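Colleague: Just so it is clear, I am handing over input18.cif, which has mmCIF, C-alpha atoms.
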```
data_target
loop_
_atom_site.label_atom_id
_atom_site.label_comp_id
_atom_site.auth_asym_id
_atom_site.auth_seq_id
_atom_site.Cartn_x
_atom_site.Cartn_y
_atom_site.Cartn_z
CA MET A 1 12.22 0.15 -19.46
CA LYS A 2 15.83 0.71 -18.50
CA THR A 3 16.35 4.43 -17.88
CA PRO A 4 19.80 5.95 -18.31
CA MET A 5 21.13 6.93 -14.91
CA PRO A 6 21.84 10.65 -14.35
CA THR A 7 25.55 11.39 -14.45
CA GLU A 8 25.54 12.92 -10.96
CA HIS A 9 24.07 9.70 -9.55
CA VAL A 10 26.73 7.63 -11.23
CA ASP A 11 29.39 10.03 -9.92
CA ALA A 12 27.94 9.60 -6.45
CA GLY A 13 28.41 5.85 -6.70
CA SER A 14 24.92 4.71 -7.74
CA ARG A 15 25.59 1.83 -10.02
CA LEU A 16 23.92 -1.27 -8.69
CA VAL A 17 20.30 -0.20 -8.71
CA GLU A 18 19.14 -2.80 -11.20
CA ILE A 19 21.00 -5.64 -9.54
CA MET A 20 19.65 -4.66 -6.12
CA ILE A 21 16.11 -4.60 -7.42
CA ALA A 22 16.53 -8.04 -8.89
CA ALA A 23 18.12 -9.48 -5.77
CA THR A 24 15.50 -8.13 -3.37
CA HIS A 25 12.90 -10.32 -5.06
CA LEU A 26 14.86 -13.32 -3.94
CA HIS A 27 14.97 -15.17 -0.65
CA PRO A 28 17.64 -13.67 1.67
CA VAL A 29 19.49 -17.01 1.63
CA ALA A 30 18.06 -19.46 -0.91
CA GLN A 31 14.96 -21.35 -1.94
CA ILE A 32 15.11 -24.86 -3.33
CA PHE A 33 12.96 -25.74 -6.31
CA SER A 34 12.62 -29.13 -7.89
CA ILE A 35 12.21 -28.12 -11.54
CA PRO A 36 10.47 -30.59 -13.85
CA SER A 37 12.93 -31.12 -16.70
CA SER A 38 13.80 -33.61 -19.38
CA VAL A 39 17.09 -35.41 -18.95
CA SER A 40 18.77 -37.41 -21.71
CA VAL A 41 22.05 -39.25 -21.67
CA ILE A 42 24.20 -39.93 -24.70
CA GLU A 43 27.07 -42.38 -24.47
CA GLY A 44 29.86 -43.30 -26.85
CA PRO A 45 33.30 -42.25 -28.01
CA SER A 46 31.99 -39.62 -30.44
CA THR A 47 29.51 -38.06 -27.99
CA LEU A 48 30.90 -34.53 -28.32
CA GLU A 49 31.19 -34.67 -32.11
CA HIS A 50 27.59 -35.82 -32.42
CA LEU A 51 26.32 -33.13 -30.05
CA ASN A 52 28.34 -30.53 -31.91
CA ARG A 53 26.44 -31.33 -35.11
CA ILE A 54 23.09 -30.74 -33.41
CA ILE A 55 23.45 -28.15 -30.65
CA SER A 56 23.89 -24.42 -31.22
CA ILE A 57 27.11 -24.12 -29.25
CA ASP A 58 30.55 -25.66 -29.69
CA THR A 59 30.91 -28.87 -27.69
CA LEU A 60 34.07 -30.23 -29.31
CA GLU A 61 36.58 -29.04 -26.73
CA MET A 62 34.55 -29.75 -23.61
CA PRO A 63 36.63 -31.00 -20.69
CA ILE A 64 35.34 -33.71 -18.40
CA LEU A 65 32.79 -32.09 -16.07
CA GLY A 66 32.55 -29.21 -18.54
CA ARG A 67 29.28 -27.39 -18.97
CA ARG A 68 27.83 -25.75 -22.07
CA ASP A 69 24.42 -24.14 -22.47
CA GLY A 70 22.93 -24.19 -25.94
CA LEU A 71 19.75 -24.81 -27.86
CA ILE A 72 18.40 -27.42 -30.21
CA CYS A 73 16.68 -25.62 -33.06
CA ASN A 74 14.87 -26.61 -36.22
CA ALA A 75 15.97 -25.70 -39.73
CA ASN A 76 13.91 -22.51 -39.49
CA GLY A 77 16.01 -21.40 -36.55
CA ARG A 78 13.17 -21.84 -34.09
CA ILE A 79 13.74 -23.33 -30.69
CA LEU A 80 12.98 -27.00 -30.05
CA ASP A 81 14.65 -27.37 -26.68
CA LEU A 82 17.15 -26.00 -24.24
CA ALA A 83 20.31 -28.11 -24.04
CA THR A 84 22.40 -27.73 -20.92
CA VAL A 85 25.23 -30.20 -21.36
CA CYS A 86 27.34 -31.91 -18.73
CA TYR A 87 30.22 -33.97 -20.15
CA LEU A 88 31.35 -37.02 -18.21
CA ASP A 89 33.98 -38.73 -20.39
CA ASP A 90 32.33 -40.46 -23.35
CA GLN A 91 28.97 -39.68 -21.78
CA ALA A 92 26.96 -36.48 -21.68
CA ILE A 93 23.88 -35.50 -19.73
CA ILE A 94 21.57 -33.14 -21.59
CA LEU A 95 19.16 -31.16 -19.48
CA GLY A 96 16.19 -29.80 -21.39
CA ASN A 97 12.74 -28.39 -20.92
CA HIS A 98 9.96 -30.31 -19.26
CA GLY A 99 8.05 -32.42 -21.76
CA THR A 100 10.51 -32.17 -24.63
CA GLY A 101 12.70 -35.14 -23.82
CA LYS A 102 11.09 -37.59 -26.21
CA ASP A 103 11.55 -35.30 -29.22
CA THR A 104 15.06 -34.36 -28.20
CA ARG A 105 16.05 -38.00 -27.82
CA HIS A 106 14.55 -38.72 -31.24
CA ASN A 107 16.60 -35.85 -32.63
CA LEU A 108 19.75 -37.19 -31.02
CA THR A 109 19.11 -40.75 -32.17
CA SER A 110 17.84 -40.37 -35.72
CA GLY A 111 21.01 -38.90 -37.21
CA ILE A 112 23.65 -41.09 -35.60
CA PRO A 113 26.13 -41.95 -38.36
CA TRP A 114 26.36 -45.64 -39.34
CA ASN A 115 29.96 -45.88 -38.15
CA GLU A 116 29.55 -44.21 -34.73
CA ASP A 117 28.79 -46.30 -31.68
CA LEU A 118 26.43 -44.02 -29.78
CA VAL A 119 23.58 -44.79 -27.44
CA VAL A 120 20.89 -42.37 -26.24
CA LYS A 121 19.02 -43.03 -23.00
CA ASP A 122 16.03 -41.54 -21.22
CA ALA A 123 16.97 -40.31 -17.75
CA ASP A 124 13.84 -38.24 -17.05
CA GLU A 125 13.00 -40.35 -14.02
CA ALA A 126 16.56 -41.16 -13.00
CA ILE A 127 17.99 -37.66 -12.61
CA SER A 128 16.27 -34.74 -10.90
CA HIS A 129 16.97 -31.06 -11.38
CA LEU A 130 17.15 -28.78 -8.37
CA VAL A 131 17.60 -25.02 -8.50
CA LEU A 132 18.93 -23.27 -5.43
CA ILE A 133 18.13 -19.58 -5.85
CA GLY A 134 18.42 -16.62 -3.53
CA GLN A 135 20.61 -13.78 -2.45
CA ASP A 136 23.21 -16.12 -0.99
CA PRO A 137 22.79 -19.65 -2.35
CA PHE A 138 26.51 -20.41 -1.98
CA SER A 139 26.25 -20.33 1.81
CA CYS A 140 24.05 -23.45 1.72
CA LEU A 141 26.79 -25.44 -0.01
CA ILE A 142 29.88 -24.58 1.99
CA ASP A 143 29.24 -27.05 4.82
CA LEU A 144 28.46 -29.71 2.22
CA GLY A 145 32.03 -29.40 1.00
CA VAL A 146 31.56 -27.09 -1.98
CA GLU A 147 34.05 -24.28 -2.30
CA PRO A 148 32.10 -21.39 -3.91
CA LYS A 149 35.18 -20.20 -5.81
CA GLU A 150 35.29 -23.52 -7.65
CA LEU A 151 31.78 -23.11 -8.99
CA SER A 152 31.29 -21.55 -12.40
CA THR A 153 28.95 -21.50 -15.36
CA ASN A 154 31.48 -23.50 -17.42
CA ASN A 155 31.88 -26.57 -15.31
CA TRP A 156 30.09 -28.94 -12.99
CA LEU A 157 31.42 -29.81 -9.58
CA GLU A 158 30.88 -33.25 -8.11
CA LEU A 159 29.08 -33.27 -4.78
CA GLY A 160 28.80 -36.90 -3.74
CA ASN A 161 26.84 -38.47 -6.56
CA SER A 162 25.38 -35.14 -7.66
CA LEU A 163 26.61 -32.35 -9.93
CA VAL A 164 26.56 -28.66 -9.09
CA SER A 165 26.98 -25.62 -11.34
CA ILE A 166 26.00 -21.97 -11.58
CA HIS A 167 23.06 -21.13 -13.86
CA TRP A 168 24.17 -19.41 -17.06
CA LYS A 169 21.57 -16.68 -16.61
CA THR A 170 22.22 -15.55 -13.05
CA THR A 171 24.81 -16.10 -10.37
CA HIS A 172 21.95 -16.09 -7.85
CA ALA A 173 20.92 -19.54 -9.08
CA ILE A 174 22.76 -22.82 -8.64
CA GLN A 175 21.68 -25.92 -10.52
CA ILE A 176 22.05 -29.36 -9.02
CA LEU A 177 21.62 -32.62 -10.93
CA VAL A 178 20.91 -35.32 -8.41
CA PRO A 179 20.00 -39.01 -8.81
CA THR A 180 16.28 -39.10 -8.04
CA THR A 181 16.93 -41.82 -5.47
CA HIS A 182 18.97 -39.22 -3.54
CA LEU A 183 16.67 -36.24 -4.08
CA ASP A 184 15.16 -36.23 -0.61
CA SER A 185 18.50 -36.47 1.14
CA MET A 186 19.94 -33.64 -0.98
CA VAL A 187 16.95 -31.41 -0.22
CA GLU A 188 17.28 -32.23 3.49
CA ALA A 189 21.00 -31.39 3.44
CA LEU A 190 20.32 -28.05 1.77
CA GLU A 191 17.52 -27.27 4.24
CA ASN A 192 19.88 -28.04 7.11
CA ASN A 193 22.17 -25.39 5.65
CA GLY A 194 19.66 -22.58 5.49
CA ALA A 195 17.76 -23.15 2.25
CA GLN A 196 14.00 -23.31 2.16
CA TYR A 197 12.20 -25.91 0.05
CA SER A 198 9.47 -24.16 -1.96
CA GLU A 199 6.48 -25.19 -3.99
CA LEU A 200 6.67 -24.85 -7.75
CA LYS A 201 3.98 -22.14 -7.78
CA GLU A 202 6.58 -19.79 -6.28
CA TRP A 203 9.00 -20.50 -9.13
CA GLY A 204 6.98 -18.62 -11.76
CA PRO A 205 7.47 -15.08 -10.42
CA ILE A 206 11.09 -15.81 -9.59
CA ARG A 207 11.89 -16.88 -13.12
CA ALA A 208 10.06 -13.83 -14.45
CA PHE A 209 12.24 -11.55 -12.33
CA THR A 210 15.47 -13.36 -13.06
CA GLY A 211 14.75 -13.98 -16.74
CA ILE A 212 15.24 -17.74 -16.48
CA LEU A 213 13.29 -19.02 -19.48
CA ASP A 214 11.52 -22.33 -19.85
CA VAL A 215 9.21 -24.09 -22.28
CA HIS A 216 6.81 -21.11 -22.18
CA GLU A 217 9.39 -19.17 -24.18
CA LEU A 218 11.83 -21.82 -25.40
CA ASN A 219 9.55 -23.34 -28.01
CA PRO A 220 9.08 -23.36 -31.80
CA ASP A 221 7.15 -20.06 -31.71
CA ASN A 222 10.35 -18.23 -30.93
CA LEU A 223 13.81 -17.45 -32.24
CA PRO A 224 16.81 -17.27 -29.88
CA LEU A 225 17.90 -13.75 -30.78
CA GLU A 226 14.44 -12.35 -30.10
CA LEU A 227 14.61 -13.83 -26.61
CA GLY A 228 18.03 -12.30 -26.02
CA LEU A 229 19.70 -15.71 -26.06
CA ASP A 230 22.74 -14.65 -28.11
CA GLN A 231 24.88 -16.34 -25.47
CA LEU A 232 23.36 -19.74 -26.30
CA ILE A 233 24.29 -19.72 -29.97
CA ALA A 234 27.75 -19.75 -31.55
CA LEU A 235 27.76 -18.45 -35.10
CA ASP A 236 31.47 -19.17 -35.49
CA LYS A 237 31.29 -22.91 -34.77
CA GLY A 238 30.07 -24.03 -38.17
CA CYS A 239 26.72 -25.47 -39.19
CA TYR A 240 23.99 -26.63 -36.86
CA PRO A 241 20.27 -26.79 -37.63
CA GLY A 242 19.01 -23.21 -37.71
CA GLN A 243 22.45 -21.62 -38.01
CA GLU A 244 21.77 -20.10 -41.42
CA ILE A 245 18.72 -18.25 -40.07
CA HIS A 246 20.49 -17.11 -36.91
CA ALA A 247 23.47 -15.84 -38.90
CA ARG A 248 21.21 -13.90 -41.25
CA MET A 249 19.33 -12.30 -38.33
CA GLU A 250 22.58 -11.39 -36.64
CA SER A 251 24.12 -9.87 -39.75
CA ARG A 252 21.02 -7.84 -40.55
CA GLY A 253 20.90 -6.62 -36.97
CA VAL A 254 17.14 -6.17 -37.04
CA LEU A 255 14.83 -8.03 -34.69
CA ALA A 256 11.08 -8.09 -35.03
CA ARG A 257 10.43 -8.68 -31.33
CA CYS A 258 12.07 -8.62 -27.94
CA LEU A 259 11.36 -10.18 -24.57
CA VAL A 260 10.33 -7.96 -21.67
CA ARG A 261 8.95 -8.30 -18.17
CA LEU A 262 5.52 -6.84 -17.41
CA LYS A 263 4.27 -5.84 -13.94
CA SER A 264 0.74 -4.92 -13.05
CA ASN A 265 -1.66 -4.73 -10.14
CA GLU A 266 -4.14 -6.76 -12.21
CA LEU A 267 -3.98 -10.10 -13.96
CA ILE A 268 -2.12 -9.69 -17.25
CA PRO A 269 -3.88 -11.69 -19.97
CA ARG A 270 -1.77 -14.55 -21.30
CA GLY A 271 -1.53 -15.17 -25.03
CA LYS A 272 -1.72 -12.83 -27.98
CA SER A 273 -3.13 -9.30 -27.82
CA LYS A 274 -3.25 -6.64 -30.48
CA ILE A 275 -2.50 -3.33 -28.80
CA GLU A 276 -2.89 0.08 -30.38
CA ASN A 277 0.37 1.98 -30.86
CA VAL A 278 2.34 -1.08 -29.76
CA GLY A 279 1.40 -3.94 -32.05
CA ARG A 280 1.13 -7.62 -31.25
CA VAL A 281 2.05 -8.56 -27.70
CA ILE A 282 2.42 -12.18 -26.64
CA VAL A 283 2.34 -12.80 -22.90
CA THR A 284 4.05 -16.14 -22.38
CA ASP A 285 3.50 -16.56 -18.65
CA CYS A 286 1.97 -14.60 -15.77
CA HIS A 287 2.10 -15.15 -12.01
CA PRO A 288 0.77 -13.46 -8.89
CA TYR A 289 3.43 -11.65 -6.93
CA GLU A 290 3.07 -9.52 -3.77
CA GLY A 291 -0.51 -8.47 -4.43
CA GLY A 292 0.14 -7.85 -8.12
CA PHE A 293 1.24 -9.83 -11.15
CA VAL A 294 4.46 -10.32 -13.05
CA ALA A 295 4.67 -11.69 -16.59
CA LEU A 296 7.06 -12.31 -19.45
CA ALA A 297 6.06 -11.06 -22.88
CA LEU A 298 7.29 -10.62 -26.41
CA ILE A 299 6.61 -7.17 -27.81
CA PRO A 300 7.49 -5.56 -31.15
CA PHE A 301 11.10 -4.38 -31.07
CA ALA A 302 9.96 -1.01 -32.35
CA ALA A 303 7.99 -0.60 -29.10
CA ALA A 304 10.87 -1.63 -26.85
CA GLU A 305 11.26 1.84 -25.34
CA ILE A 306 7.70 2.24 -24.10
CA ASP A 307 7.04 2.33 -20.35
CA VAL A 308 3.46 1.11 -20.13
CA ILE A 309 1.26 -1.20 -22.17
CA GLY A 310 -2.53 -0.89 -22.01
CA PHE A 311 -4.38 -4.12 -22.81
CA GLU A 312 -7.81 -4.19 -24.45
CA ASN A 313 -9.46 -5.33 -21.22
CA GLY A 314 -8.23 -2.19 -19.45
CA VAL A 315 -5.27 -3.78 -17.67
CA THR A 316 -2.15 -1.64 -17.77
CA ALA A 317 1.30 -3.10 -17.23
CA GLN A 318 4.66 -1.54 -16.58
CA VAL A 319 7.33 -2.66 -19.06
CA GLU A 320 10.83 -3.61 -17.89
CA SER A 321 13.76 -4.88 -19.89
CA ILE A 322 15.26 -8.24 -18.97
CA MET B 1 26.73 -40.09 -11.93
CA ASP B 2 25.55 -43.69 -11.91
CA GLY B 3 23.10 -45.10 -14.42
CA GLU B 4 20.50 -46.33 -11.95
CA GLY B 5 17.05 -45.79 -13.43
CA PHE B 6 18.26 -44.89 -16.93
CA SER B 7 16.15 -46.30 -19.73
CA LEU B 8 17.31 -48.89 -22.18
CA PRO B 9 18.86 -47.27 -25.27
CA VAL B 10 16.36 -45.20 -27.22
CA VAL B 11 15.92 -46.54 -30.71
CA ALA B 12 14.67 -44.31 -33.51
CA PRO B 13 12.08 -46.06 -35.67
CA VAL B 14 13.56 -46.77 -39.08
CA GLU B 15 11.66 -47.33 -42.29
CA VAL B 16 13.71 -49.34 -44.75
CA VAL B 17 13.10 -48.95 -48.48
CA GLU B 18 14.92 -50.28 -51.49
CA VAL B 19 17.44 -47.64 -52.44
CA ASP B 20 17.57 -46.25 -55.93
CA ILE B 21 20.23 -43.66 -56.74
CA LEU B 22 20.92 -42.01 -60.06
CA PHE B 23 24.53 -41.14 -60.95
CA THR B 24 25.28 -38.76 -63.80
CA ASP B 25 28.08 -39.57 -66.22
CA SER B 26 30.31 -36.90 -64.68
CA ALA B 27 29.65 -38.37 -61.20
CA LYS B 28 30.56 -41.87 -62.40
CA SER B 29 33.74 -40.54 -63.97
CA ALA B 30 34.73 -38.70 -60.77
CA MET B 31 33.97 -41.80 -58.68
CA ARG B 32 36.15 -43.90 -60.98
CA ASN B 33 39.01 -41.46 -60.38
CA GLU B 34 38.48 -41.62 -56.62
CA PHE B 35 38.48 -45.43 -56.53
CA GLN B 36 41.88 -45.50 -58.28
CA GLY B 37 41.28 -49.10 -59.39
CA ASP B 38 40.35 -50.35 -55.90
CA GLU B 39 36.78 -51.30 -56.80
CA LYS B 40 37.39 -54.90 -55.72
CA SER B 41 38.40 -54.18 -52.13
CA ARG B 42 36.85 -50.81 -51.39
CA VAL B 43 33.33 -49.41 -51.49
CA LEU B 44 31.71 -45.99 -51.65
CA ILE B 45 29.39 -45.46 -48.68
CA ILE B 46 26.80 -42.71 -49.03
CA SER B 47 25.18 -41.78 -45.73
CA ALA B 48 23.22 -39.15 -43.85
CA GLN B 49 23.95 -37.87 -40.37
CA SER B 50 22.59 -35.19 -38.07
CA GLY B 51 23.85 -31.70 -38.62
CA GLY B 52 24.21 -28.96 -41.14
CA CYS B 53 21.90 -25.99 -41.32
CA SER B 54 18.90 -28.04 -42.39
CA GLY B 55 19.05 -31.03 -40.06
CA TYR B 56 20.97 -33.70 -41.96
CA LEU B 57 24.33 -33.80 -43.68
CA TYR B 58 25.37 -35.99 -46.60
CA ASP B 59 28.55 -37.96 -46.28
CA MET B 60 30.43 -39.92 -48.96
CA LYS B 61 33.42 -42.08 -48.12
CA ILE B 62 35.48 -44.65 -49.99
CA VAL B 63 36.43 -47.23 -47.37
CA GLU B 64 37.21 -50.91 -46.87
CA ASP B 65 34.08 -52.98 -47.39
CA PRO B 66 32.42 -53.24 -43.94
CA GLU B 67 30.76 -56.51 -45.07
CA ASP B 68 27.74 -55.65 -43.00
CA GLU B 69 24.28 -56.90 -43.96
CA SER B 70 22.73 -53.65 -42.73
CA PHE B 71 23.88 -52.06 -45.98
CA GLN B 72 22.18 -52.16 -49.37
CA ARG B 73 24.63 -52.73 -52.18
CA LEU B 74 24.39 -51.04 -55.57
CA ASP B 75 26.58 -51.75 -58.54
CA VAL B 76 27.36 -48.64 -60.55
CA GLU B 77 29.23 -49.84 -63.64
CA GLY B 78 31.39 -52.11 -61.52
CA MET B 79 31.83 -49.66 -58.65
CA PRO B 80 30.29 -50.87 -55.36
CA VAL B 81 28.11 -48.27 -53.64
CA LEU B 82 26.62 -48.94 -50.19
CA VAL B 83 23.77 -47.24 -48.34
CA HIS B 84 22.90 -48.21 -44.78
CA ASN B 85 19.31 -49.36 -44.26
CA LYS B 86 18.74 -46.63 -41.68
CA ASP B 87 19.55 -43.99 -44.32
CA SER B 88 17.58 -45.64 -47.10
CA MET B 89 14.44 -43.56 -46.64
CA LEU B 90 16.42 -40.31 -46.67
CA LEU B 91 18.60 -41.17 -49.65
CA THR B 92 16.49 -43.13 -52.09
CA GLY B 93 15.72 -41.18 -55.23
CA ILE B 94 18.70 -38.85 -55.01
CA THR B 95 20.70 -37.83 -58.05
CA ILE B 96 24.43 -37.50 -57.67
CA ASP B 97 26.22 -35.21 -60.05
CA PHE B 98 29.78 -33.90 -60.21
CA LYS B 99 30.64 -30.34 -61.11
CA ASP B 100 34.20 -29.47 -62.02
CA SER B 101 34.51 -25.85 -60.99
CA LEU B 102 36.73 -23.90 -58.63
CA MET B 103 33.82 -22.45 -56.66
CA GLY B 104 31.18 -24.87 -55.39
CA GLY B 105 32.57 -27.76 -57.35
CA GLY B 106 32.63 -31.43 -56.39
CA PHE B 107 29.82 -33.93 -55.88
CA GLN B 108 26.36 -32.37 -55.90
CA ILE B 109 23.30 -34.13 -54.54
CA GLU B 110 19.77 -33.41 -55.57
CA ASN B 111 17.30 -34.91 -53.14
CA PRO B 112 13.57 -35.11 -53.90
CA ASN B 113 12.90 -36.18 -50.29
CA ALA B 114 14.24 -32.91 -48.88
CA ASP B 115 11.85 -30.17 -47.87
CA ARG B 116 14.75 -27.76 -47.79
CA ALA B 117 18.45 -27.62 -48.44
CA CYS B 118 21.28 -25.48 -47.15
CA GLY B 119 22.97 -22.95 -49.41
CA CYS B 120 26.19 -24.98 -49.37
CA GLY B 121 24.35 -28.04 -50.75
CA GLN B 122 25.68 -30.39 -48.10
CA SER B 123 22.72 -30.24 -45.76
CA PHE B 124 19.08 -31.13 -46.20
CA GLY B 125 16.02 -31.58 -44.07
#
```
Go ahead and render the structure in this file as structure tokens.
Modeller:
Amino acid sequence: MKTPMPTEHVDAGSRLVEIMIAATHLHPVAQIFSIPSSVSVIEGPSTLEHLNRIISIDTLEMPILGRRDGLICNANGRILDLATVCYLDDQAIILGNHGTGKDTRHNLTSGIPWNEDLVVKDADEAISHLVLIGQDPFSCLIDLGVEPKELSTNNWLELGNSLVSIHWKTTHAIQILVPTTHLDSMVEALENNGAQYSELKEWGPIRAFTGILDVHELNPDNLPLELGLDQLIALDKGCYPGQEIHARMESRGVLARCLVRLKSNELIPRGKSKIENVGRVIVTDCHPYEGGFVALALIPFAAAEIDVIGFENGVTAQVESI
Amino acid sequence: MDGEGFSLPVVAPVEVVEVDILFTDSAKSAMRNEFQGDEKSRVLIISAQSGGCSGYLYDMKIVEDPEDESFQRLDVEGMPVLVHNKDSMLLTGITIDFKDSLMGGGFQIENPNADRACGCGQSFG
């Protein structure tokens, strides 16, 4: 877990230890991953109003090419899908988890008011999602005409017929929405600028180290606050499905569980485990990494300060906060 | 971003039922006040839309008659009430009441189709 730094170390200038550890797990320049995702498009004059009724963040004041990251939750506050929104003037692209598009589109369609002219479309095959992640992903974009200073987590930048933005979770990751017909040429352009195209099997450990969550965590088993996703919900925006539950959790200030990263030399068992002196641990995902394994897990909040977890099968794992 | 490869519009399957809504006497009286004698040219539309804490929000509006065949038309003691076919499954069987109180007053909807309702009474799911 996170250990308070000794005062004398802080005085001596040691302040970036955690960031350095995180960054050293990344490619020195950048890797390109094509991330399977659901993509939906909603079109119509009341696009932002309709999204605002459904998504956990405020979309009403989005500028054209604005970006918002939120969640679609059920009435019990549990997560149905991630919703990364790109607004394009009476049209919005909604990037979600892989495999959830059909349900999300049903959600978006079923409650359209009788007097609003809105259309929802499936763009799963039409738009691809690239993530450029590394210690210096910006360097791969400069010669393509992207000025790094113009990139942010609040807006999308047009790059030809693609859209570029910084991932809400880490500035080491840049997300690119590209028409699938142009995917190969975009990958080639990024490779020509120093990025390395990588297989999806390498994505798992990277997302575990960077804390980029996907459908393994963003699903109806989990609540946003337990995953540390406070940033993806806005309790001051008014009602959205799940808001009552989220507001109650926030006001009580007590969480049952929290998300951590586990590291071990042995395979960490996925799924639920009952562990003595810790309680119920749920390992959501586990991947090999440099001769060992790295995993994401939900553990009881009361056990958040422990350093090591010992599983029933004898595997021990180091616990790190995310 | 161009629309090459986008699907045709996604259409949510809709089950249409004949709508039956019960209005209490206090609701009818409040509706009569809201119509202000315009029952001939205006209609009350009761609808459901996404949102609220529980998934759907009720909406009630007195508007010009949309003269759209997608609506079911009820006659409540001379007052025209319309419910869109797409909302019929969600709204049939509801009871509309009116409470005249400073806190939490106004139209109240009791919905037997709802698994849950929000504390404010405006949302159901």
Colleague: Under the rule that all atoms listed in the file are counted, which of B:Glu64, B:Asp59, B:Glu39, B:Asp25 is the nearest residue to chain A?
Modeller: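 The closest residue to chain A is B:Asp59.
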Colleague: What is the distance between atom CA of Asn111 of chain B and atom CA of Leu91 of chain B, in Å to one decimal?
Modeller: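 Spanning atom CA of Asn111 of chain B to atom CA of Leu91 of chain B is a straight-line distance of 7.3 Å.
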Colleague: Return the neighbours of chain B among the residues of chain A, cut-off 9 Å, counting only C-alpha atoms, as an NGL selection string.
Modeller: :A and (40-41 or 50 or 52-55 or 74-77 or 88 or 105-114 or 119-127 or 158 or 161-163 or 178-181 or 238-245)
Colleague: Can I get the selection written as a PDB file, keeping the file's coordinate frame, with C-alpha atoms?
Modeller:
```
ATOM      1  CA  SER A  40      18.770 -37.410 -21.710  1.00  0.00           C
ATOM      2  CA  VAL A  41      22.050 -39.250 -21.670  1.00  0.00           C
ATOM      3  CA  HIS A  50      27.590 -35.820 -32.420  1.00  0.00           C
ATOM      4  CA  ASN A  52      28.340 -30.530 -31.910  1.00  0.00           C
ATOM      5  CA  ARG A  53      26.440 -31.330 -35.110  1.00  0.00           C
ATOM      6  CA  ILE A  54      23.090 -30.740 -33.410  1.00  0.00           C
ATOM      7  CA  ILE A  55      23.450 -28.150 -30.650  1.00  0.00           C
ATOM      8  CA  ASN A  74      14.870 -26.610 -36.220  1.00  0.00           C
ATOM      9  CA  ALA A  75      15.970 -25.700 -39.730  1.00  0.00           C
ATOM     10  CA  ASN A  76      13.910 -22.510 -39.490  1.00  0.00           C
ATOM     11  CA  GLY A  77      16.010 -21.400 -36.550  1.00  0.00           C
ATOM     12  CA  LEU A  88      31.350 -37.020 -18.210  1.00  0.00           C
ATOM     13  CA  ARG A 105      16.050 -38.000 -27.820  1.00  0.00           C
ATOM     14  CA  HIS A 106      14.550 -38.720 -31.240  1.00  0.00           C
ATOM     15  CA  ASN A 107      16.600 -35.850 -32.630  1.00  0.00           C
ATOM     16  CA  LEU A 108      19.750 -37.190 -31.020  1.00  0.00           C
ATOM     17  CA  THR A 109      19.110 -40.750 -32.170  1.00  0.00           C
ATOM     18  CA  SER A 110      17.840 -40.370 -35.720  1.00  0.00           C
ATOM     19  CA  GLY A 111      21.010 -38.900 -37.210  1.00  0.00           C
ATOM     20  CA  ILE A 112      23.650 -41.090 -35.600  1.00  0.00           C
ATOM     21  CA  PRO A 113      26.130 -41.950 -38.360  1.00  0.00           C
ATOM     22  CA  TRP A 114      26.360 -45.640 -39.340  1.00  0.00           C
ATOM     23  CA  VAL A 119      23.580 -44.790 -27.440  1.00  0.00           C
ATOM     24  CA  VAL A 120      20.890 -42.370 -26.240  1.00  0.00           C
ATOM     25  CA  LYS A 121      19.020 -43.030 -23.000  1.00  0.00           C
ATOM     26  CA  ASP A 122      16.030 -41.540 -21.220  1.00  0.00           C
ATOM     27  CA  ALA A 123      16.970 -40.310 -17.750  1.00  0.00           C
ATOM     28  CA  ASP A 124      13.840 -38.240 -17.050  1.00  0.00           C
ATOM     29  CA  GLU A 125      13.000 -40.350 -14.020  1.00  0.00           C
ATOM     30  CA  ALA A 126      16.560 -41.160 -13.000  1.00  0.00           C
ATOM     31  CA  ILE A 127      17.990 -37.660 -12.610  1.00  0.00           C
ATOM     32  CA  GLU A 158      30.880 -33.250  -8.110  1.00  0.00           C
ATOM     33  CA  ASN A 161      26.840 -38.470  -6.560  1.00  0.00           C
ATOM     34  CA  SER A 162      25.380 -35.140  -7.660  1.00  0.00           C
ATOM     35  CA  LEU A 163      26.610 -32.350  -9.930  1.00  0.00           C
ATOM     36  CA  VAL A 178      20.910 -35.320  -8.410  1.00  0.00           C
ATOM     37  CA  PRO A 179      20.000 -39.010  -8.810  1.00  0.00           C
ATOM     38  CA  THR A 180      16.280 -39.100  -8.040  1.00  0.00           C
ATOM     39  CA  THR A 181      16.930 -41.820  -5.470  1.00  0.00           C
ATOM     40  CA  GLY A 238      30.070 -24.030 -38.170  1.00  0.00           C
ATOM     41  CA  CYS A 239      26.720 -25.470 -39.190  1.00  0.00           C
ATOM     42  CA  TYR A 240      23.990 -26.630 -36.860  1.00  0.00           C
ATOM     43  CA  PRO A 241      20.270 -26.790 -37.630  1.00  0.00           C
ATOM     44  CA  GLY A 242      19.010 -23.210 -37.710  1.00  0.00           C
ATOM     45  CA  GLN A 243      22.450 -21.620 -38.010  1.00  0.00           C
ATOM     46  CA  GLU A 244      21.770 -20.100 -41.420  1.00  0.00           C
ATOM     47  CA  ILE A 245      18.720 -18.250 -40.070  1.00  0.00           C
TER      48      ILE A 245
END
```
Colleague: Between B:Glu15, B:Asp65, B:Asp97, B:Asp20, which has the minimum distance to Asp38 of chain B (counting only C-alpha atoms)?
Modeller: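 With only C-alpha atoms as the atom set, the closest residue is B:Asp65.
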Colleague: Can you tell me, as an MDAnalysis selection string, what residues are no more than 8 Å from segment 260-272 of chain A when counting all atoms listed in the file, ignoring any on the same chain fewer than 6 positions away?
Modeller: chainID A and resid 208:209 280:286 288 291:299 315:322
